[in-house]
$ cat input.csv   # CSV, C-alpha atoms
chain,number,residue,atom,x,y,z
T,1,MET,CA,-31.9,13.7,-89.7
T,2,ALA,CA,-28.9,11.5,-90.4
T,3,PHE,CA,-28.5,9.6,-87.2
T,4,SER,CA,-25.2,9.7,-85.4
T,5,LEU,CA,-24.4,7.4,-82.5
T,6,LEU,CA,-23.0,9.1,-79.4
T,7,LEU,CA,-19.5,7.8,-78.7
T,8,SER,CA,-17.1,8.1,-75.9
T,9,VAL,CA,-14.7,11.0,-75.9
T,10,SER,CA,-11.7,8.7,-76.6
T,11,LEU,CA,-13.4,7.1,-79.7
T,12,LYS,CA,-14.5,10.6,-80.9
T,13,ASN,CA,-11.0,11.9,-80.5
T,14,GLN,CA,-9.7,9.0,-82.6
T,15,GLY,CA,-12.1,10.2,-85.4
T,16,TRP,CA,-14.6,7.4,-85.2
T,17,GLN,CA,-18.2,8.0,-86.2
T,18,VAL,CA,-21.2,5.7,-86.5
T,19,LYS,CA,-24.0,6.9,-88.7
T,20,ILE,CA,-27.3,6.0,-90.3
T,21,ARG,CA,-27.3,8.2,-93.4
T,22,ASP,CA,-30.2,9.5,-95.4
T,23,LYS,CA,-30.9,8.1,-98.8
T,24,GLU,CA,-29.7,4.5,-98.1
T,25,ILE,CA,-32.5,3.3,-100.3
T,26,ARG,CA,-30.9,0.3,-102.0
T,27,GLU,CA,-29.1,-1.4,-99.1
T,28,ALA,CA,-29.9,-3.9,-96.4
T,29,PRO,CA,-30.4,-2.1,-93.1
T,30,HIS,CA,-27.0,-1.0,-91.8
T,31,VAL,CA,-24.9,1.5,-89.9
T,32,THR,CA,-21.9,3.1,-91.5
T,33,ILE,CA,-18.8,3.3,-89.4
T,34,LEU,CA,-16.4,6.0,-90.5
T,35,ARG,CA,-12.9,7.0,-89.7
T,36,LYS,CA,-11.0,9.2,-92.0
T,37,GLY,CA,-11.2,7.9,-95.5
T,38,LYS,CA,-12.5,4.4,-94.5
T,39,PRO,CA,-16.1,3.3,-94.3
T,40,TRP,CA,-17.3,0.0,-92.8
T,41,ARG,CA,-20.9,-1.1,-93.1
T,42,TRP,CA,-22.4,-3.2,-90.4
T,43,ASP,CA,-25.6,-5.1,-91.2
T,44,LEU,CA,-28.3,-4.6,-88.6
T,45,ARG,CA,-30.2,-7.8,-89.7
T,46,GLU,CA,-27.2,-10.1,-89.8
T,47,ARG,CA,-25.3,-8.3,-87.0
T,48,GLN,CA,-22.1,-8.6,-89.0
T,49,PHE,CA,-19.9,-6.6,-91.4
T,50,MET,CA,-21.2,-6.4,-94.9
T,51,ASP,CA,-17.8,-6.1,-96.7
T,52,LYS,CA,-14.5,-7.8,-96.4
T,53,THR,CA,-12.7,-4.6,-97.1
T,54,PRO,CA,-11.7,-2.5,-95.2
T,55,ALA,CA,-10.9,-5.4,-92.8
T,56,PRO,CA,-13.5,-5.5,-90.0
T,57,SER,CA,-10.5,-6.1,-87.6
T,58,GLY,CA,-9.7,-2.4,-88.2
T,59,VAL,CA,-12.7,-1.4,-86.0
T,60,PRO,CA,-11.8,-1.4,-82.3
T,61,GLU,CA,-13.7,-3.7,-80.0
T,62,GLN,CA,-14.6,-0.8,-77.8
T,63,LEU,CA,-16.6,0.7,-80.7
T,64,MET,CA,-18.2,-2.7,-81.5
T,65,GLU,CA,-19.3,-3.0,-77.9
T,66,ARG,CA,-20.9,0.4,-78.2
T,67,ILE,CA,-22.8,-0.6,-81.3
T,68,ARG,CA,-23.9,-3.9,-79.8
T,69,GLU,CA,-25.2,-2.2,-76.6
T,70,SER,CA,-27.0,0.4,-78.7
T,71,TYR,CA,-28.4,-2.3,-81.1
T,72,ALA,CA,-32.1,-1.8,-80.2
T,73,SER,CA,-32.0,2.0,-80.6
T,74,LEU,CA,-30.1,1.7,-83.9
T,75,CYS,CA,-32.8,-0.6,-85.1
T,76,ASN,CA,-35.4,1.9,-84.0
T,77,GLU,CA,-33.7,4.7,-85.8
T,78,TRP,CA,-33.3,2.7,-89.0
T,79,ASP,CA,-37.0,1.7,-88.9
T,80,LYS,CA,-38.1,5.3,-88.4
T,81,MET,CA,-35.9,6.5,-91.3
T,82,TYR,CA,-36.7,3.6,-93.6
T,83,PRO,CA,-40.2,2.3,-92.8
T,84,ASN,CA,-40.4,0.5,-96.2
T,85,ASN,CA,-37.2,-1.5,-95.4
T,86,PRO,CA,-37.6,-2.4,-91.7
T,87,ILE,CA,-35.0,-4.5,-89.9
T,88,ARG,CA,-37.4,-7.4,-89.5
T,89,GLY,CA,-38.3,-7.2,-93.1
T,90,ASN,CA,-41.8,-6.9,-94.5
T,91,HIS,CA,-41.8,-9.7,-97.0
T,92,GLY,CA,-40.5,-13.0,-97.7
T,93,ASP,CA,-40.6,-16.7,-96.9
T,94,LYS,CA,-42.7,-16.5,-93.7
T,95,GLU,CA,-43.6,-20.1,-93.3
T,96,SER,CA,-41.4,-20.8,-90.3
D,1,MET,CA,13.5,16.8,-109.4
D,2,ALA,CA,12.6,13.1,-109.6
D,3,ILE,CA,9.2,12.3,-111.1
D,4,LYS,CA,7.3,10.2,-108.5
D,5,ARG,CA,3.7,9.6,-109.0
D,6,ALA,CA,3.2,9.8,-112.7
D,7,ASN,CA,-0.1,11.8,-112.6
D,8,GLN,CA,0.2,14.3,-109.8
D,9,ILE,CA,2.3,17.4,-109.8
D,10,LEU,CA,2.5,19.9,-106.9
D,11,VAL,CA,3.7,23.3,-107.8
D,12,CYS,CA,4.9,25.4,-104.9
D,13,ASP,CA,7.3,28.4,-104.8
D,14,ASP,CA,8.4,27.7,-101.2
D,15,PRO,CA,10.1,24.4,-100.4
D,16,HIS,CA,9.2,24.9,-96.7
D,17,ILE,CA,5.5,25.2,-97.5
D,18,ALA,CA,5.9,22.2,-99.8
D,19,ASP,CA,7.0,20.1,-96.8
D,20,ILE,CA,3.4,20.3,-95.6
D,21,TRP,CA,2.5,18.3,-98.7
D,22,SER,CA,5.2,15.8,-98.5
D,23,GLY,CA,2.7,13.1,-97.7
D,24,LEU,CA,1.4,13.5,-101.3
D,25,ASP,CA,3.1,11.0,-103.7
D,26,ALA,CA,3.5,13.7,-106.3
D,27,THR,CA,6.3,15.3,-108.3
D,28,PHE,CA,7.2,18.7,-106.8
D,29,ALA,CA,8.0,21.7,-109.0
D,30,TYR,CA,9.4,24.8,-107.4
D,31,THR,CA,10.3,27.1,-110.3
D,32,ASN,CA,8.7,28.3,-113.6
D,33,GLU,CA,11.3,26.4,-115.5
D,34,GLU,CA,10.5,23.1,-113.7
D,35,VAL,CA,6.8,23.6,-114.3
D,36,ARG,CA,7.4,24.4,-118.0
D,37,ASN,CA,9.5,21.3,-118.5
D,38,LEU,CA,7.1,19.1,-116.7
D,39,TYR,CA,4.2,20.4,-118.7
D,40,ALA,CA,6.0,19.6,-121.9
D,41,THR,CA,7.2,16.1,-120.9
D,42,VAL,CA,4.8,14.4,-118.4
D,43,LYS,CA,1.8,12.2,-119.3
D,44,PRO,CA,-0.9,14.4,-120.7
D,45,ASP,CA,-3.5,13.6,-118.1
D,46,CYS,CA,-1.9,14.9,-114.9
D,47,ILE,CA,-3.5,16.5,-111.9
D,48,TRP,CA,-1.6,19.7,-111.1
D,49,ILE,CA,-2.0,21.0,-107.5
D,50,ALA,CA,-1.4,24.6,-106.5
D,51,PRO,CA,-1.8,25.1,-102.7
D,52,ARG,CA,-1.7,28.9,-102.7
D,53,TYR,CA,-2.4,31.7,-105.1
D,54,SER,CA,1.3,32.5,-105.3
D,55,ASP,CA,2.0,29.0,-106.4
D,56,MET,CA,-0.3,29.5,-109.3
D,57,LEU,CA,2.0,32.1,-110.6
D,58,LEU,CA,4.5,29.3,-111.3
D,59,LEU,CA,2.1,28.2,-114.0
D,60,ASN,CA,2.1,31.4,-116.0
D,61,LYS,CA,5.2,30.7,-118.0
D,62,ILE,CA,3.9,27.6,-119.8
D,63,VAL,CA,3.9,28.4,-123.5
D,64,GLY,CA,2.9,26.7,-126.7
D,65,THR,CA,-0.1,24.7,-127.5
D,66,PRO,CA,-2.1,22.9,-124.7
D,67,ARG,CA,-1.3,19.2,-124.1
D,68,GLY,CA,-3.7,16.5,-123.3
D,69,ASN,CA,-6.2,16.6,-120.4
D,70,HIS,CA,-4.3,18.2,-117.6
D,71,CYS,CA,-6.5,19.3,-114.7
D,72,LEU,CA,-5.6,21.9,-112.1
D,73,LEU,CA,-6.6,21.9,-108.4
D,74,CYS,CA,-6.2,25.2,-106.5
D,75,PHE,CA,-6.9,25.6,-102.9
D,76,GLU,CA,-7.3,29.3,-103.1
D,77,PRO,CA,-9.6,31.3,-105.4
D,78,THR,CA,-8.1,31.9,-108.9
D,79,GLU,CA,-9.8,35.3,-109.1
D,80,GLY,CA,-7.4,37.8,-110.6
D,81,PHE,CA,-5.6,35.1,-112.5
D,82,ASP,CA,-6.0,35.1,-116.2
D,83,GLN,CA,-8.9,32.7,-116.7
D,84,HIS,CA,-8.3,32.4,-120.4
D,85,TYR,CA,-4.8,31.4,-119.8
D,86,LEU,CA,-5.8,28.7,-117.3
D,87,LYS,CA,-8.5,27.4,-119.7
D,88,ALA,CA,-6.0,27.2,-122.5
D,89,LYS,CA,-3.6,25.0,-120.4
D,90,PHE,CA,-6.0,23.0,-118.3
D,91,ARG,CA,-9.0,21.1,-119.4
D,92,LEU,CA,-10.5,21.6,-116.0
D,93,VAL,CA,-9.8,23.9,-113.1
D,94,VAL,CA,-11.2,23.1,-109.7
D,95,SER,CA,-10.9,25.9,-107.2
D,96,PRO,CA,-13.0,27.6,-104.5
D,97,ASP,CA,-14.4,30.2,-106.9
D,98,ASP,CA,-18.0,31.1,-107.4
D,99,GLY,CA,-19.2,29.4,-104.2
D,100,LEU,CA,-17.5,26.0,-104.9
D,101,LYS,CA,-16.7,24.4,-101.6
D,102,LEU,CA,-13.6,22.2,-101.2
D,103,LEU,CA,-12.8,19.7,-98.4
D,104,PRO,CA,-10.0,20.8,-96.1
D,105,SER,CA,-6.7,20.5,-97.9
D,106,LYS,CA,-5.4,17.8,-95.5
D,107,GLU,CA,-8.4,15.6,-96.3
D,108,ILE,CA,-7.9,16.2,-100.1
D,109,THR,CA,-4.3,15.2,-99.8
D,110,GLU,CA,-5.3,11.9,-98.3
D,111,ILE,CA,-7.9,11.2,-100.9
D,112,LEU,CA,-5.5,12.0,-103.8
D,113,GLY,CA,-3.2,9.3,-102.4
D,114,LEU,CA,-5.8,6.6,-102.5
D,115,PRO,CA,-6.0,4.1,-105.3
D,116,ASP,CA,-9.7,4.6,-105.5
D,117,SER,CA,-9.7,8.3,-105.1
D,118,GLU,CA,-12.4,8.7,-107.7
D,119,ASP,CA,-14.9,7.2,-105.3
D,120,TYR,CA,-14.6,10.2,-103.0
D,121,PHE,CA,-15.7,13.7,-103.4
D,122,ILE,CA,-13.3,16.6,-102.8
D,123,GLY,CA,-15.7,19.5,-103.4
D,124,GLY,CA,-18.9,20.6,-105.0
D,125,ILE,CA,-21.4,23.4,-105.6
D,126,VAL,CA,-25.2,23.6,-105.6
D,127,ASN,CA,-26.8,25.6,-108.3
D,128,THR,CA,-30.3,26.4,-107.2
D,129,ALA,CA,-31.1,28.3,-110.4
D,130,ASN,CA,-31.0,25.1,-112.5
D,131,ALA,CA,-31.6,22.8,-109.5
D,132,SER,CA,-28.4,20.8,-109.9
D,133,VAL,CA,-25.4,19.8,-107.9
D,134,VAL,CA,-21.9,19.4,-109.3
D,135,LEU,CA,-19.6,17.2,-107.2
D,136,TYR,CA,-15.9,16.8,-108.0
D,137,ARG,CA,-14.4,13.4,-107.5
D,138,GLY,CA,-10.9,12.6,-106.2
D,139,ASN,CA,-9.7,12.4,-109.8
D,140,LEU,CA,-11.2,15.9,-110.4
D,141,VAL,CA,-13.8,14.5,-112.7
D,142,PRO,CA,-17.2,16.3,-112.1
D,143,ILE,CA,-20.5,14.5,-111.7
D,144,THR,CA,-23.7,16.4,-112.0
D,145,LEU,CA,-27.0,15.4,-110.4
D,146,PRO,CA,-30.4,16.9,-110.0
D,147,LEU,CA,-31.0,18.6,-106.7
D,148,SER,CA,-34.3,16.6,-106.6
D,149,TRP,CA,-32.3,13.4,-105.9
D,150,PHE,CA,-31.7,14.7,-102.4
D,151,GLU,CA,-35.4,14.4,-101.7
D,152,ALA,CA,-36.0,13.5,-98.1
D,153,GLY,CA,-37.6,10.3,-97.0
D,154,PRO,CA,-40.7,10.2,-94.8
D,155,ASN,CA,-38.8,10.8,-91.5
D,156,SER,CA,-35.7,12.5,-92.9
D,157,PRO,CA,-35.0,16.3,-92.7
D,158,GLN,CA,-35.5,18.4,-95.8
D,159,PRO,CA,-32.1,19.0,-97.5
D,160,ILE,CA,-31.0,22.7,-97.2
D,161,PRO,CA,-29.1,23.5,-100.4
D,162,ASP,CA,-27.8,26.7,-98.9
D,163,ASP,CA,-26.1,24.8,-96.2
D,164,PHE,CA,-24.1,22.4,-98.4
D,165,GLU,CA,-20.7,20.9,-97.8
D,166,ILE,CA,-18.7,17.7,-98.3
D,167,ILE,CA,-17.7,16.0,-95.0
D,168,ASP,CA,-16.3,12.8,-93.6
D,169,PHE,CA,-13.2,12.8,-95.8
D,170,GLY,CA,-15.2,13.0,-99.0
D,171,GLN,CA,-17.6,10.3,-98.1
D,172,THR,CA,-20.7,12.3,-97.3
D,173,VAL,CA,-22.6,15.1,-98.9
D,174,ARG,CA,-24.4,17.2,-96.3
D,175,MET,CA,-27.2,19.7,-96.8
D,176,GLY,CA,-28.4,21.0,-93.5
D,177,GLU,CA,-29.1,18.0,-91.4
D,178,PHE,CA,-29.6,15.8,-94.4
D,179,GLU,CA,-26.6,13.5,-95.2
D,180,ALA,CA,-26.2,11.2,-98.2
D,181,GLY,CA,-23.3,8.8,-98.7
D,182,ALA,CA,-20.9,9.2,-101.7
D,183,GLU,CA,-21.4,5.6,-102.5
D,184,ALA,CA,-25.2,6.0,-102.8
D,185,ILE,CA,-24.7,8.9,-105.2
D,186,LEU,CA,-22.1,7.2,-107.3
D,187,TYR,CA,-24.1,4.0,-107.5
D,188,GLU,CA,-27.0,6.0,-108.9
D,189,PHE,CA,-25.2,8.2,-111.3
D,190,ASP,CA,-22.1,6.3,-112.4
D,191,PRO,CA,-22.5,3.0,-114.3
D,192,LEU,CA,-18.8,2.2,-114.0
D,193,PHE,CA,-19.0,2.6,-110.2
D,194,ARG,CA,-22.1,0.4,-110.2
D,195,ARG,CA,-20.4,-2.3,-112.1
D,196,ARG,CA,-17.3,-2.3,-109.8
D,197,ASP,CA,-19.6,-2.2,-106.8
D,198,LYS,CA,-21.6,-5.2,-108.0
D,199,GLU,CA,-18.5,-7.3,-108.7
D,200,ARG,CA,-17.1,-6.4,-105.3
D,201,ARG,CA,-20.3,-7.4,-103.5
D,202,ILE,CA,-20.7,-10.6,-105.4
D,203,ASN,CA,-17.2,-11.6,-104.5
D,204,THR,CA,-17.4,-10.7,-100.9
D,205,ASP,CA,-21.0,-11.4,-100.0
D,206,ASP,CA,-20.9,-13.9,-97.1
D,207,SER,CA,-24.7,-14.1,-96.7
D,208,PHE,CA,-26.9,-17.1,-97.6
D,209,GLY,CA,-28.2,-15.2,-100.6
D,210,GLY,CA,-24.7,-14.5,-101.9
D,211,ALA,CA,-23.7,-18.2,-101.5
D,212,LEU,CA,-26.9,-19.3,-103.3
D,213,ARG,CA,-26.1,-16.9,-106.2
D,214,ARG,CA,-22.5,-18.1,-106.5
D,215,LEU,CA,-23.6,-21.8,-106.4
D,216,ARG,CA,-26.5,-21.2,-108.9
D,217,LEU,CA,-24.1,-19.5,-111.3
D,218,GLN,CA,-21.5,-22.2,-110.8
D,219,LYS,CA,-24.2,-24.8,-111.8
D,220,GLY,CA,-25.1,-22.7,-114.8
D,221,LEU,CA,-28.6,-22.2,-113.7
D,222,LYS,CA,-30.9,-19.2,-114.2
D,223,GLN,CA,-33.2,-17.9,-111.5
D,224,SER,CA,-36.1,-19.1,-113.5
D,225,ASP,CA,-34.8,-22.7,-113.5
D,226,PHE,CA,-36.1,-23.2,-109.9
D,227,SER,CA,-39.8,-22.6,-110.9
D,228,PRO,CA,-42.4,-23.9,-110.5
D,229,SER,CA,-41.0,-25.2,-107.1
D,230,ILE,CA,-39.7,-21.7,-106.2
D,231,SER,CA,-40.7,-18.6,-108.3
D,232,THR,CA,-38.0,-16.5,-110.1
D,233,LYS,CA,-39.1,-13.6,-108.0
D,234,GLU,CA,-38.6,-15.5,-104.8
D,235,ILE,CA,-35.1,-16.7,-105.8
D,236,GLY,CA,-34.2,-13.1,-106.6
D,237,ARG,CA,-35.4,-12.0,-103.2
D,238,ILE,CA,-33.5,-14.7,-101.4
D,239,GLU,CA,-30.3,-13.9,-103.3
D,240,ARG,CA,-30.7,-10.2,-102.4
D,241,GLY,CA,-31.1,-11.0,-98.8
D,242,GLU,CA,-34.6,-9.7,-98.7
D,243,VAL,CA,-36.0,-13.0,-97.2
D,244,THR,CA,-35.1,-12.8,-93.6
D,245,THR,CA,-36.4,-16.2,-92.5
D,246,LEU,CA,-36.0,-19.1,-94.9
D,247,HIS,CA,-38.2,-22.1,-94.3
D,248,LYS,CA,-36.4,-25.4,-94.0
D,249,ARG,CA,-38.5,-26.9,-96.8
D,250,THR,CA,-37.5,-24.1,-99.2
D,251,LYS,CA,-33.8,-24.7,-98.4
D,252,GLU,CA,-34.2,-28.4,-99.0
D,253,THR,CA,-35.9,-27.7,-102.3
D,254,LEU,CA,-33.1,-25.4,-103.3
D,255,ALA,CA,-30.5,-27.9,-102.3
D,256,GLN,CA,-32.2,-30.7,-104.2
D,257,LEU,CA,-32.4,-28.6,-107.4
D,258,LEU,CA,-28.7,-27.6,-107.0
D,259,GLY,CA,-27.5,-31.1,-106.2
D,260,VAL,CA,-26.0,-30.4,-102.8
D,261,GLU,CA,-26.9,-30.9,-99.2
D,262,PRO,CA,-29.0,-28.1,-97.6
D,263,GLU,CA,-26.2,-27.2,-95.1
D,264,GLU,CA,-23.7,-27.0,-98.0
D,265,ILE,CA,-25.3,-24.1,-99.7
D,266,GLN,CA,-23.9,-21.5,-97.3
D,267,THR,CA,-20.4,-22.8,-97.8
D,268,TYR,CA,-20.2,-21.6,-101.4
$ encode --input "input.csv" --output "structure tokens"
Amino acid sequence: MAFSLLLSVSLKNQGWQVKIRDKEIREAPHVTILRKGKPWRWDLRERQFMDKTPAPSGVPEQLMERIRESYASLCNEWDKMYPNNPIRGNHGDKES
Amino acid sequence: MAIKRANQILVCDDPHIADIWSGLDATFAYTNEEVRNLYATVKPDCIWIAPRYSDMLLLNKIVGTPRGNHCLLCFEPTEGFDQHYLKAKFRLVVSPDDGLKLLPSKEITEILGLPDSEDYFIGGIVNTANASVVLYRGNLVPITLPLSWFEAGPNSPQPIPDDFEIIDFGQTVRMGEFEAGAEAILYEFDPLFRRRDKERRINTDDSFGGALRRLRLQKGLKQSDFSPSISTKEIGRIERGEVTTLHKRTKETLAQLLGVEPEEIQTY
């Protein structure tokens, strides 16, 4: 199922959600952070926001802490959902 | 009655009810006469919004030939209203009839106020008989896609078409436990969205691959210009961010061919 990260009551009450949605077949591994009409995408490989808009500063530090502390489980969930596009990659310049 | 936003008109027979919609940057019309005058004078591609069935009755005094491409959004079923009349006046009517599901009105109001409202879905319907899904965008334009597109991945739940709704302020289509992002759908089925998305990504991509792409284009080089040192395919993979660990020697070769220092590439 689409994965939804458990958040504190206060973050939930503010309308925040963190999801790994189905059918993200063309993207680098990421979670989608949602609040009202705004989506932020956070790259699970680079551990940074993928877009400049909406401004990453709009996401509260409390939520980012929750994402960082759940990083391993988010990666596991992504890898389960998208075995053909795993976090560590399955291709590329592997000389190093 | 001042005309505010040029392309949205809210018709409502009760000014107190209309207050609920005051957040909408639309022109408000409270009487048959105001509606008739607006229909005759405004730009011919307006979105008309009727919150309640009783508000729709304000529309039934529009006379004459239809103008332009007006669309009508009703939050209550239009059942009982003269459908021929509506079709004669509005190119498109979006309403919760025949199983069409709309987002909550509060969320639609916010979407209608966004400059990129067309990138959100305000409602939709699954037609299992012809295995299709019709989704209505924030500008009321419909997009049709095959139900088969919602095919589940190896570890995803099967979509349940009977349990369909639009959620997350128009950003997610849910079928049972299966959820697909509006962006993923639009990317696949709307070439204009794809083009906009591509431009946005190129301009905002902070990754090494994004920097490499910008630098290569700035130097007027094609991906194939790096071969035989680095294959065209490999350049494409680096630029798309598919190469997670780039070897120092590869970076040095790239820098040499681009005429910059290796550590400079990322700064472009």
$ atom_distance --input "input.csv" --atom1 "CA of Val94 (chain D)" --atom2 "CA of Gly15 (chain T)"
27.5 Å
$ residues_around --input "input.csv" --residues "region 74-82 of chain T" --least-positions-apart "5" --cutoff "8 Å" --atoms "all atoms listed in the file" --output "PyMOL selection string"
(chain T and resi 3+20+22+25+29-31+44+87) or (chain D and resi 153-156)
$ closest_residue --input "input.csv" --among "T:Asn85, T:Ala72, T:Pro54, T:Phe49" --to "Lys23 (chain T)" --atoms "only C-alpha atoms"
T:Asn85
$ residues_near_point --input "input.csv" --point "(-26.9, 21.7, -96.6)" --cutoff "6 Å" --atoms "all atoms listed in the file" --output "NGL selection string"
:D and (159-164 or 174-176)
$ closest_atom_pairs --input "input.csv" --of "chain D" --to "chain T" --cutoff "6 Å" --atoms "only C-alpha atoms" --output "Markdown table"
| residue | atom | partner | partner_atom | distance |
| --- | --- | --- | --- | --- |
| D:Asn155 | CA | T:Met81 | CA | 5.2 |
| D:Ser156 | CA | T:Met1 | CA | 5.1 |
| D:Pro157 | CA | T:Met1 | CA | 5.0 |
| D:Phe169 | CA | T:Gly37 | CA | 5.3 |
| D:Glu177 | CA | T:Met1 | CA | 5.4 |
| D:Phe178 | CA | T:Met1 | CA | 5.6 |
| D:Glu179 | CA | T:Asp22 | CA | 5.4 |
| D:Ala180 | CA | T:Asp22 | CA | 5.2 |
| D:Val243 | CA | T:Gly92 | CA | 4.5 |
| D:Leu246 | CA | T:Asp93 | CA | 5.6 |
| D:His247 | CA | T:Ser96 | CA | 5.3 |
$ atom_distance --input "input.csv" --atom1 "CA of Glu110 (chain D)" --atom2 "CA of Leu6 (chain T)"
26.0 Å
$ atom_distance --input "input.csv" --atom1 "CA of Lys233 (chain D)" --atom2 "CA of Arg47 (chain T)"
25.7 Å
$ residues_around --input "input.csv" --residues "Glu107 (chain D)" --least-positions-apart "5" --cutoff "12 Å" --atoms "all atoms listed in the file" --output "count of residues only"
22
$ residues_near_point --input "input.csv" --point "(-31.9, -15.8, -110.6)" --cutoff "8 Å" --atoms "all atoms listed in the file" --output "ChimeraX atom specification"
/D:213,216,221-224,232-233,235-236,239
